[in-house]
>>> print(open('work_39.tsv').read())   # TSV, C-alpha atoms
chain	number	residue	atom	x	y	z
E	1	MET	CA	-18.14	47.01	18.51
E	2	TYR	CA	-16.76	43.49	18.29
E	3	ARG	CA	-15.36	42.14	21.55
E	4	PHE	CA	-12.12	40.16	21.55
E	5	ASN	CA	-10.95	41.27	24.99
E	6	ASN	CA	-11.98	38.15	26.91
E	7	ASP	CA	-13.71	34.77	26.64
E	8	TYR	CA	-16.61	35.41	29.02
E	9	SER	CA	-18.46	38.33	27.42
E	10	VAL	CA	-21.37	36.18	26.14
E	11	ALA	CA	-23.85	34.86	28.70
E	12	ALA	CA	-23.98	31.14	27.94
E	13	HIS	CA	-24.24	28.56	25.19
E	14	PRO	CA	-27.86	28.01	24.02
E	15	ALA	CA	-27.78	24.42	25.30
E	16	VAL	CA	-26.83	25.71	28.74
E	17	MET	CA	-29.57	28.31	28.68
E	18	GLN	CA	-32.04	25.62	27.66
E	19	ALA	CA	-30.83	23.37	30.46
E	20	LEU	CA	-31.49	26.13	32.99
E	21	SER	CA	-34.91	26.76	31.49
E	22	ASP	CA	-35.74	23.04	31.60
E	23	ILE	CA	-35.21	22.81	35.36
E	24	ASN	CA	-36.98	26.06	36.12
E	25	GLY	CA	-40.13	25.38	38.11
E	26	ASN	CA	-38.80	22.14	39.58
E	27	ALA	CA	-37.74	21.89	43.21
E	28	TYR	CA	-34.37	20.45	44.25
E	29	GLY	CA	-32.30	19.96	47.35
E	30	GLY	CA	-29.83	22.67	48.30
E	31	TYR	CA	-26.07	23.18	48.44
E	32	GLY	CA	-25.17	20.86	45.57
E	33	LEU	CA	-26.70	17.77	47.19
E	34	ASP	CA	-29.25	17.22	44.43
E	35	GLU	CA	-29.79	14.79	41.58
E	36	VAL	CA	-28.79	17.34	38.92
E	37	CYS	CA	-25.34	17.85	40.45
E	38	VAL	CA	-24.95	14.09	40.92
E	39	GLU	CA	-25.73	13.47	37.26
E	40	ALA	CA	-23.33	16.22	36.15
E	41	ALA	CA	-20.56	14.86	38.38
E	42	ASP	CA	-21.12	11.35	37.01
E	43	LEU	CA	-20.82	12.62	33.43
E	44	ILE	CA	-17.52	14.30	34.29
E	45	LYS	CA	-16.17	11.21	36.05
E	46	LYS	CA	-17.06	9.08	33.05
E	47	ARG	CA	-15.43	11.51	30.61
E	48	ILE	CA	-12.17	11.74	32.57
E	49	LYS	CA	-12.18	7.97	33.18
E	50	ALA	CA	-11.82	8.40	36.93
E	51	SER	CA	-14.92	7.13	38.69
E	52	ASP	CA	-13.30	7.50	42.12
E	53	SER	CA	-13.00	11.29	41.76
E	54	ASP	CA	-14.72	13.77	44.02
E	55	VAL	CA	-16.44	16.56	42.03
E	56	HIS	CA	-17.63	19.87	43.49
E	57	PHE	CA	-19.21	22.84	41.70
E	58	LEU	CA	-18.16	26.38	42.59
E	59	VAL	CA	-19.15	29.69	41.05
E	60	GLY	CA	-15.84	31.22	39.90
E	61	GLY	CA	-12.15	30.64	39.28
E	62	THR	CA	-10.67	32.79	42.04
E	63	GLN	CA	-13.07	31.15	44.49
E	64	ALA	CA	-12.01	27.70	43.27
E	65	ASN	CA	-8.32	28.59	43.55
E	66	PHE	CA	-8.27	29.86	47.11
E	67	THR	CA	-10.73	27.24	48.36
E	68	VAL	CA	-8.60	24.40	47.00
E	69	ILE	CA	-5.42	25.94	48.39
E	70	SER	CA	-7.05	26.54	51.77
E	71	ALA	CA	-8.15	22.90	51.93
E	72	ALA	CA	-4.88	21.41	50.71
E	73	LEU	CA	-2.16	23.21	52.67
E	74	LEU	CA	-1.04	23.34	56.26
E	75	PRO	CA	-0.74	26.83	57.79
E	76	TYR	CA	3.05	27.02	57.30
E	77	GLN	CA	3.06	25.84	53.68
E	78	SER	CA	3.37	27.92	50.51
E	79	VAL	CA	2.49	27.60	46.82
E	80	LEU	CA	4.94	27.51	43.92
E	81	CYS	CA	3.72	29.07	40.68
E	82	ALA	CA	4.95	30.99	37.66
E	83	ASP	CA	5.53	34.70	38.23
E	84	THR	CA	2.80	35.19	35.61
E	85	GLY	CA	0.42	32.77	37.36
E	86	HIS	CA	-3.17	33.87	37.80
E	87	ILE	CA	-3.12	33.48	41.59
E	88	HIS	CA	-0.02	35.69	41.70
E	89	VAL	CA	-0.93	38.55	39.36
E	90	HIS	CA	-4.69	38.60	38.96
E	91	GLU	CA	-6.47	37.69	42.19
E	92	THR	CA	-5.79	40.66	44.49
E	93	GLY	CA	-3.76	38.60	46.93
E	94	ALA	CA	-6.58	36.12	47.57
E	95	VAL	CA	-4.16	33.30	48.42
E	96	GLU	CA	-2.15	35.50	50.77
E	97	HIS	CA	-5.44	36.65	52.28
E	98	ILE	CA	-6.16	33.09	53.42
E	99	GLY	CA	-2.69	32.89	54.96
E	100	HIS	CA	-0.44	31.23	52.39
E	101	LYS	CA	2.65	32.66	50.75
E	102	ILE	CA	3.08	32.41	46.97
E	103	GLU	CA	6.62	31.64	45.85
E	104	ALA	CA	6.74	32.97	42.28
E	105	LEU	CA	9.20	31.29	39.90
E	106	PRO	CA	10.49	32.92	36.68
E	107	HIS	CA	8.42	31.72	33.74
E	108	THR	CA	9.42	30.59	30.27
E	109	ASN	CA	6.56	31.23	27.86
E	110	GLY	CA	4.22	31.23	30.85
E	111	LYS	CA	5.43	27.87	32.14
E	112	ILE	CA	7.60	26.59	34.98
E	113	SER	CA	9.69	23.43	34.90
E	114	ALA	CA	10.23	20.34	36.99
E	115	GLU	CA	13.81	21.50	37.53
E	116	GLN	CA	12.61	24.73	39.13
E	117	ILE	CA	10.25	22.80	41.37
E	118	ARG	CA	13.03	20.43	42.43
E	119	ALA	CA	15.32	23.36	43.20
E	120	ALA	CA	12.68	24.96	45.44
E	121	GLY	CA	12.03	21.65	47.17
E	122	GLU	CA	15.73	21.01	47.67
E	123	ASN	CA	16.23	24.52	49.05
E	124	PHE	CA	13.73	23.78	51.80
E	125	ARG	CA	14.95	20.22	52.39
E	126	THR	CA	18.54	21.36	52.98
E	127	SER	CA	17.68	24.47	54.97
E	128	ASP	CA	19.04	24.69	58.51
E	129	VAL	CA	16.23	27.04	59.49
E	130	GLN	CA	13.11	25.30	58.22
E	131	GLU	CA	11.08	26.70	61.09
E	132	HIS	CA	11.79	30.22	59.81
E	133	ILE	CA	10.68	29.75	56.19
E	134	THR	CA	7.61	28.41	54.47
E	135	GLU	CA	7.59	24.87	53.13
E	136	PRO	CA	6.57	24.54	49.46
E	137	GLY	CA	3.51	22.32	49.74
E	138	MET	CA	1.87	22.83	46.36
E	139	VAL	CA	2.67	23.49	42.73
E	140	TYR	CA	0.05	25.57	40.93
E	141	ILE	CA	0.03	25.65	37.14
E	142	SER	CA	-2.58	26.64	34.55
E	143	PHE	CA	-3.56	24.66	31.49
E	144	PRO	CA	-3.34	26.64	29.30
E	145	THR	CA	-1.11	29.30	30.84
E	146	GLU	CA	-1.81	33.00	31.09
E	147	PHE	CA	-0.02	33.36	27.74
E	148	GLY	CA	-2.14	30.71	26.06
E	149	THR	CA	0.70	28.20	25.94
E	150	VAL	CA	0.28	24.56	26.95
E	151	TYR	CA	2.40	22.07	28.83
E	152	SER	CA	3.33	18.92	26.95
E	153	LEU	CA	2.50	15.52	28.38
E	154	GLN	CA	6.19	14.99	29.14
E	155	GLU	CA	6.43	18.32	30.96
E	156	LEU	CA	3.39	17.49	33.07
E	157	THR	CA	4.75	14.03	33.82
E	158	ASP	CA	8.10	15.47	34.89
E	159	ILE	CA	6.33	18.00	37.13
E	160	ARG	CA	4.28	15.17	38.67
E	161	HIS	CA	7.47	13.27	39.48
E	162	ALA	CA	9.06	16.36	41.03
E	163	CYS	CA	5.98	16.88	43.19
E	164	ASP	CA	6.10	13.25	44.31
E	165	ASP	CA	9.79	13.46	45.17
E	166	TYR	CA	9.28	16.52	47.38
E	167	GLY	CA	5.84	15.79	48.80
E	168	MET	CA	4.04	18.58	46.96
E	169	ILE	CA	0.45	18.68	45.71
E	170	LEU	CA	-0.07	19.36	42.01
E	171	PHE	CA	-2.99	21.72	41.37
E	172	ILE	CA	-3.97	22.49	37.76
E	173	ASP	CA	-6.08	25.58	37.11
E	174	GLY	CA	-8.36	24.70	34.20
E	175	ALA	CA	-10.31	27.94	33.83
E	176	ARG	CA	-9.63	27.65	30.07
E	177	LEU	CA	-9.09	23.90	30.04
E	178	GLY	CA	-11.20	23.25	26.94
E	179	TYR	CA	-9.18	25.72	24.90
E	180	GLY	CA	-5.92	24.15	26.04
E	181	LEU	CA	-7.05	20.64	25.17
E	182	ALA	CA	-8.07	21.85	21.69
E	183	ALA	CA	-4.73	23.56	21.03
E	184	GLU	CA	-2.83	22.72	17.87
E	185	GLY	CA	-0.06	20.26	18.70
E	186	ASN	CA	-1.37	19.49	22.17
E	187	ASP	CA	-0.71	15.89	23.25
E	188	VAL	CA	-2.50	16.08	26.63
E	189	LYS	CA	-5.98	14.64	27.11
E	190	ILE	CA	-8.35	15.39	29.95
E	191	GLU	CA	-7.75	11.83	31.17
E	192	ASP	CA	-4.05	12.74	31.52
E	193	ILE	CA	-4.94	15.80	33.59
E	194	ALA	CA	-7.04	13.60	35.87
E	195	ARG	CA	-4.24	11.04	36.15
E	196	LEU	CA	-1.42	13.47	36.88
E	197	ALA	CA	-3.05	16.15	39.06
E	198	ASP	CA	-3.98	15.83	42.72
E	199	VAL	CA	-6.71	18.35	42.06
E	200	PHE	CA	-7.81	20.37	39.04
E	201	TYR	CA	-10.85	22.19	37.82
E	202	ILE	CA	-12.80	22.30	34.61
E	203	GLY	CA	-13.61	25.89	33.76
E	204	GLY	CA	-17.17	26.65	32.79
E	205	THR	CA	-17.33	30.45	33.06
E	206	LYS	CA	-14.99	30.94	30.09
E	207	CYS	CA	-16.06	27.81	28.26
E	208	GLY	CA	-19.80	28.01	27.63
E	209	ALA	CA	-21.40	28.19	31.07
E	210	MET	CA	-23.13	31.24	32.47
E	211	PHE	CA	-20.90	30.75	35.50
E	212	GLY	CA	-19.25	27.88	37.33
E	213	GLU	CA	-16.16	25.70	37.72
E	214	ALA	CA	-16.07	21.98	38.42
E	215	VAL	CA	-13.38	21.13	40.97
E	216	VAL	CA	-12.17	17.54	40.58
E	217	ILE	CA	-10.31	16.05	43.53
E	218	ARG	CA	-8.12	13.04	42.90
E	219	ASN	CA	-6.15	13.08	46.17
E	220	PHE	CA	-8.53	12.31	48.99
E	221	MET	CA	-6.32	13.93	51.59
E	222	ILE	CA	-7.49	17.19	49.97
E	223	GLY	CA	-11.06	15.96	49.79
E	224	HIS	CA	-11.38	15.42	53.54
E	225	ARG	CA	-14.21	17.72	54.62
E	226	PHE	CA	-13.79	19.74	51.43
E	227	ARG	CA	-17.40	20.87	51.63
E	228	SER	CA	-16.58	22.54	54.94
E	229	HIS	CA	-13.85	24.51	53.20
E	230	ILE	CA	-16.27	25.49	50.44
E	231	LYS	CA	-18.75	26.77	53.00
E	232	GLN	CA	-16.18	28.59	55.12
E	233	ASN	CA	-14.78	30.34	52.05
E	234	GLY	CA	-18.18	31.52	50.85
E	235	GLY	CA	-18.35	29.16	47.91
E	236	MET	CA	-21.37	27.03	48.71
E	237	LEU	CA	-24.22	28.09	46.44
E	238	ALA	CA	-27.60	27.34	48.00
E	239	LYS	CA	-29.08	26.76	44.54
E	240	GLY	CA	-26.27	24.41	43.57
E	241	PHE	CA	-28.48	22.72	40.98
E	242	LEU	CA	-27.96	25.80	38.77
E	243	LEU	CA	-24.31	24.80	38.48
E	244	GLY	CA	-25.10	21.13	38.04
E	245	ALA	CA	-27.53	21.82	35.20
E	246	GLN	CA	-24.91	23.78	33.29
E	247	PHE	CA	-22.20	21.14	33.56
E	248	ARG	CA	-24.68	18.40	32.77
E	249	ALA	CA	-25.38	20.19	29.50
E	250	LEU	CA	-21.71	20.86	28.76
E	251	PHE	CA	-20.71	17.24	29.32
E	252	THR	CA	-23.54	15.76	27.27
E	253	ASP	CA	-22.34	14.60	23.84
E	254	ASP	CA	-18.95	16.32	24.34
E	255	LEU	CA	-20.43	19.80	23.88
E	256	TYR	CA	-17.69	21.30	26.09
E	257	PHE	CA	-14.96	20.01	23.83
E	258	ASP	CA	-16.70	20.84	20.56
E	259	ILE	CA	-17.39	24.48	21.35
E	260	THR	CA	-13.94	25.21	22.75
E	261	ALA	CA	-12.33	23.58	19.72
E	262	GLY	CA	-14.40	25.91	17.54
E	263	ALA	CA	-13.01	28.92	19.40
E	264	VAL	CA	-9.44	27.74	18.89
E	265	ALA	CA	-10.07	27.20	15.17
E	266	LYS	CA	-11.20	30.83	14.87
E	267	ALA	CA	-8.16	32.00	16.83
E	268	MET	CA	-5.87	30.14	14.42
E	269	LYS	CA	-7.45	32.00	11.49
E	270	ILE	CA	-6.81	35.27	13.27
E	271	LYS	CA	-3.25	34.22	14.08
E	272	LYS	CA	-2.64	33.43	10.41
E	273	ALA	CA	-4.04	36.81	9.33
E	274	PHE	CA	-1.71	38.65	11.69
E	275	ALA	CA	1.28	36.67	10.42
E	276	GLU	CA	0.39	37.25	6.77
E	277	SER	CA	0.12	40.98	7.47
E	278	GLY	CA	3.58	41.07	9.00
E	279	ILE	CA	2.36	41.75	12.52
E	280	PRO	CA	4.60	39.86	14.96
E	281	SER	CA	3.40	37.67	17.79
E	282	TYR	CA	4.50	38.54	21.30
E	283	ILE	CA	4.35	34.85	22.17
E	284	ASP	CA	3.44	31.82	20.09
E	285	SER	CA	0.08	30.68	21.45
E	286	PRO	CA	-1.80	27.69	20.01
E	287	THR	CA	-5.00	28.45	21.94
E	288	ASN	CA	-7.82	30.96	21.91
E	289	GLN	CA	-5.63	33.78	23.24
E	290	GLN	CA	-3.44	35.54	20.67
E	291	PHE	CA	-0.81	38.06	21.75
E	292	VAL	CA	0.59	40.40	19.09
E	293	LEU	CA	2.76	43.50	18.95
E	294	LEU	CA	1.05	46.59	17.57
E	295	THR	CA	2.14	50.15	17.04
E	296	GLU	CA	0.13	52.95	18.59
E	297	ALA	CA	-1.27	53.75	15.14
E	298	GLN	CA	-2.36	50.16	14.59
E	299	CYS	CA	-4.06	50.08	17.99
E	300	GLU	CA	-5.87	53.27	17.10
E	301	ALA	CA	-7.00	51.78	13.78
E	302	PHE	CA	-8.58	48.85	15.64
E	303	SER	CA	-10.05	50.80	18.53
E	304	GLY	CA	-13.07	52.20	16.73
E	305	LYS	CA	-14.53	48.81	15.93
E	306	PHE	CA	-12.86	46.19	18.15
E	307	VAL	CA	-12.33	45.78	21.87
E	308	PHE	CA	-9.13	43.97	22.83
E	309	GLU	CA	-6.84	43.79	25.84
E	310	ASN	CA	-3.79	45.98	26.42
E	311	GLU	CA	-1.13	43.88	28.17
E	312	GLY	CA	1.55	46.58	28.42
E	313	LYS	CA	4.46	47.73	26.28
E	314	THR	CA	7.77	46.34	25.15
E	315	ALA	CA	11.04	48.17	25.71
E	316	ASP	CA	10.84	49.62	22.20
E	317	GLY	CA	7.33	50.96	22.70
E	318	MET	CA	5.25	48.31	20.94
E	319	ARG	CA	1.88	47.54	22.48
E	320	ILE	CA	1.36	43.97	23.67
E	321	SER	CA	-2.23	43.31	22.61
E	322	ARG	CA	-4.37	40.28	23.35
E	323	PHE	CA	-7.14	39.15	21.03
E	324	CYS	CA	-9.25	36.45	22.62
E	325	THR	CA	-11.86	34.25	20.97
E	326	SER	CA	-14.45	32.20	22.84
E	327	TRP	CA	-17.07	29.54	22.24
E	328	GLY	CA	-19.41	32.47	21.49
E	329	THR	CA	-17.24	34.21	18.87
E	330	THR	CA	-19.14	34.25	15.59
E	331	ASP	CA	-17.93	33.81	12.03
E	332	GLU	CA	-19.04	37.39	11.35
E	333	GLU	CA	-16.88	38.74	14.17
E	334	THR	CA	-13.91	36.64	13.11
E	335	ASP	CA	-14.20	37.69	9.46
E	336	ALA	CA	-14.53	41.36	10.41
E	337	LEU	CA	-11.35	41.21	12.49
E	338	ILE	CA	-9.44	39.38	9.76
E	339	GLU	CA	-10.50	41.98	7.21
E	340	ALA	CA	-9.33	44.77	9.52
E	341	ILE	CA	-6.00	43.01	9.99
E	342	ARG	CA	-5.53	42.76	6.23
E	343	GLU	CA	-6.30	46.45	5.86
E	344	LEU	CA	-3.47	47.25	8.24
E	345	LYS	CA	-1.08	45.65	5.76
E	346	ASN	CA	-2.28	48.02	3.07
>>> encode(input="work_39.tsv", output="structure tokens")
Amino acid sequence: MYRFNNDYSVAAHPAVMQALSDINGNAYGGYGLDEVCVEAADLIKKRIKASDSDVHFLVGGTQANFTVISAALLPYQSVLCADTGHIHVHETGAVEHIGHKIEALPHTNGKISAEQIRAAGENFRTSDVQEHITEPGMVYISFPTEFGTVYSLQELTDIRHACDDYGMILFIDGARLGYGLAAEGNDVKIEDIARLADVFYIGGTKCGAMFGEAVVIRNFMIGHRFRSHIKQNGGMLAKGFLLGAQFRALFTDDLYFDITAGAVAKAMKIKKAFAESGIPSYIDSPTNQQFVLLTEAQCEAFSGKFVFENEGKTADGMRISRFCTSWGTTDEETDALIEAIRELKN
């Protein structure tokens, strides 16, 4: 069986595994206060061209999301995000569990706009009963989105301005950041993310690490006692050097960017094969996630050899199917899927 159902089904890139092996047997300080984490953080700061950043390593994406939100917001503040946003549809109410309301906005291709953010901010600003409603204190977006789409530099800039005008924090979920940066037609660089966001994270779990996310804080109001928030929310790994070693490997010689670009290149070959076989896309994604519309018979034809994600059905009964490549997807797996796609045409 070939797995195309997610981008975290392979343990870790060989360089990451080697990095973990290299430090095995050495003794380090605990809780991320060690020389390995410091070196990894310095590599990230250098790559994003923001030496004044604060970098923290956490184990997973959900943990990173609710820890950042817990640290950033006052008790009466809420989070704006797309109604398809990961924190809204895929984290079992983790944000609500820590006491913050999510205000979900209708998405367009997985994205929300500066105009929507301004409207929400203006609604609160002009309310006569502010003490009875939550104040939007943060905008949460993903790069790329849950549908594999990416914000343009202009869209991100406009969102930044809207956040500034209404006193909101901009938080960018980068669980798949490498795949978004490698997307065809993308005009956003990681330096732009660092410049425009108050806080973001660089996903490792889905991008070559065994586990781990690097939270990068640019707004030091969020960073105040952030380690206390990490600890209180169960995110402080005693053996923090295991996270540092992985990110040190990923940010040496641009490995992170090279391997995620390779995954996107394979996804584009798969996308082309679907198009040439007359199989329509559900949404036009330039990243490692491809969403297509399949009949029940086509799904059945794939199911004996390939694992992929069922994302529901359209009104006319077509199956929305996600095929996801990763840094670990091989040429053999890609070629096998492409051949199966071509056979569907016949």
>>> atom_distance(input="work_39.tsv", atom1="atom CA of Gly178 of chain E", atom2="atom CA of Glu35 of chain E")
25.1 Å
>>> closest_residue(input="work_39.tsv", among="E:His229, E:His161, E:Lys206, E:His13", to="Ala249 of chain E", atoms="only C-alpha atoms")
E:His13
>>> atom_distance(input="work_39.tsv", atom1="atom CA of Gly244 of chain E", atom2="atom CA of Ala209 of chain E")
10.6 Å
>>> atom_distance(input="work_39.tsv", atom1="atom CA of Ser113 of chain E", atom2="atom CA of Glu155 of chain E")
7.2 Å
>>> closest_residue(input="work_39.tsv", among="E:Arg218, E:Lys269, E:Asp83, E:Ala340", to="Gly304 of chain E", atoms="all atoms listed in the file")
E:Ala340
>>> closest_atom_pairs(input="work_39.tsv", of="segment 75-147 of chain E", to="segment 278-287 of chain E", cutoff="12 Å", atoms="only C-alpha atoms", output="tab-separated table")
residue	atom	partner	partner_atom	distance
E:Thr108	CA	E:Ile283	CA	10.5
E:Asn109	CA	E:Ile283	CA	7.1
E:Gly110	CA	E:Ile283	CA	9.4
E:Phe143	CA	E:Thr287	CA	10.4
E:Pro144	CA	E:Thr287	CA	7.8
E:Thr145	CA	E:Ser285	CA	9.6
E:Glu146	CA	E:Ser285	CA	10.1
E:Phe147	CA	E:Ser285	CA	6.8
>>> write_last_selection(input="work_39.tsv", atoms="C-alpha atoms", output="PDB file, in the frame of the given file")
ATOM      1  CA  THR E 108       9.420  30.590  30.270  1.00  0.00           C
ATOM      2  CA  ASN E 109       6.560  31.230  27.860  1.00  0.00           C
ATOM      3  CA  GLY E 110       4.220  31.230  30.850  1.00  0.00           C
ATOM      4  CA  PHE E 143      -3.560  24.660  31.490  1.00  0.00           C
ATOM      5  CA  PRO E 144      -3.340  26.640  29.300  1.00  0.00           C
ATOM      6  CA  THR E 145      -1.110  29.300  30.840  1.00  0.00           C
ATOM      7  CA  GLU E 146      -1.810  33.000  31.090  1.00  0.00           C
ATOM      8  CA  PHE E 147      -0.020  33.360  27.740  1.00  0.00           C
TER       9      PHE E 147
END
>>> closest_residue(input="work_39.tsv", among="E:Met268, E:Cys207, E:Ala119, E:Leu242", to="Asp7 of chain E", atoms="only C-alpha atoms")
E:Cys207
>>> closest_residue(input="work_39.tsv", among="E:Ile102, E:Val264, E:Ala64, E:Leu74", to="Gly235 of chain E", atoms="all atoms listed in the file")
E:Ala64
>>> residues_near_point(input="work_39.tsv", point="(-9.2, 38.1, 22.7)", cutoff="12 Å", atoms="all atoms listed in the file", output="PyMOL selection string")
chain E and resi 2-9+147-148+206+263-264+266-268+270-271+285+287-292+306-311+321-329+333-334+337
>>> residues_near_point(input="work_39.tsv", point="(-1.4, 34.9, 39.5)", cutoff="12 Å", atoms="all atoms listed in the file", output="MDAnalysis selection string")
chainID E and resid 61:62 65:66 79:96 102:105 107 110 140:142 145:147 173
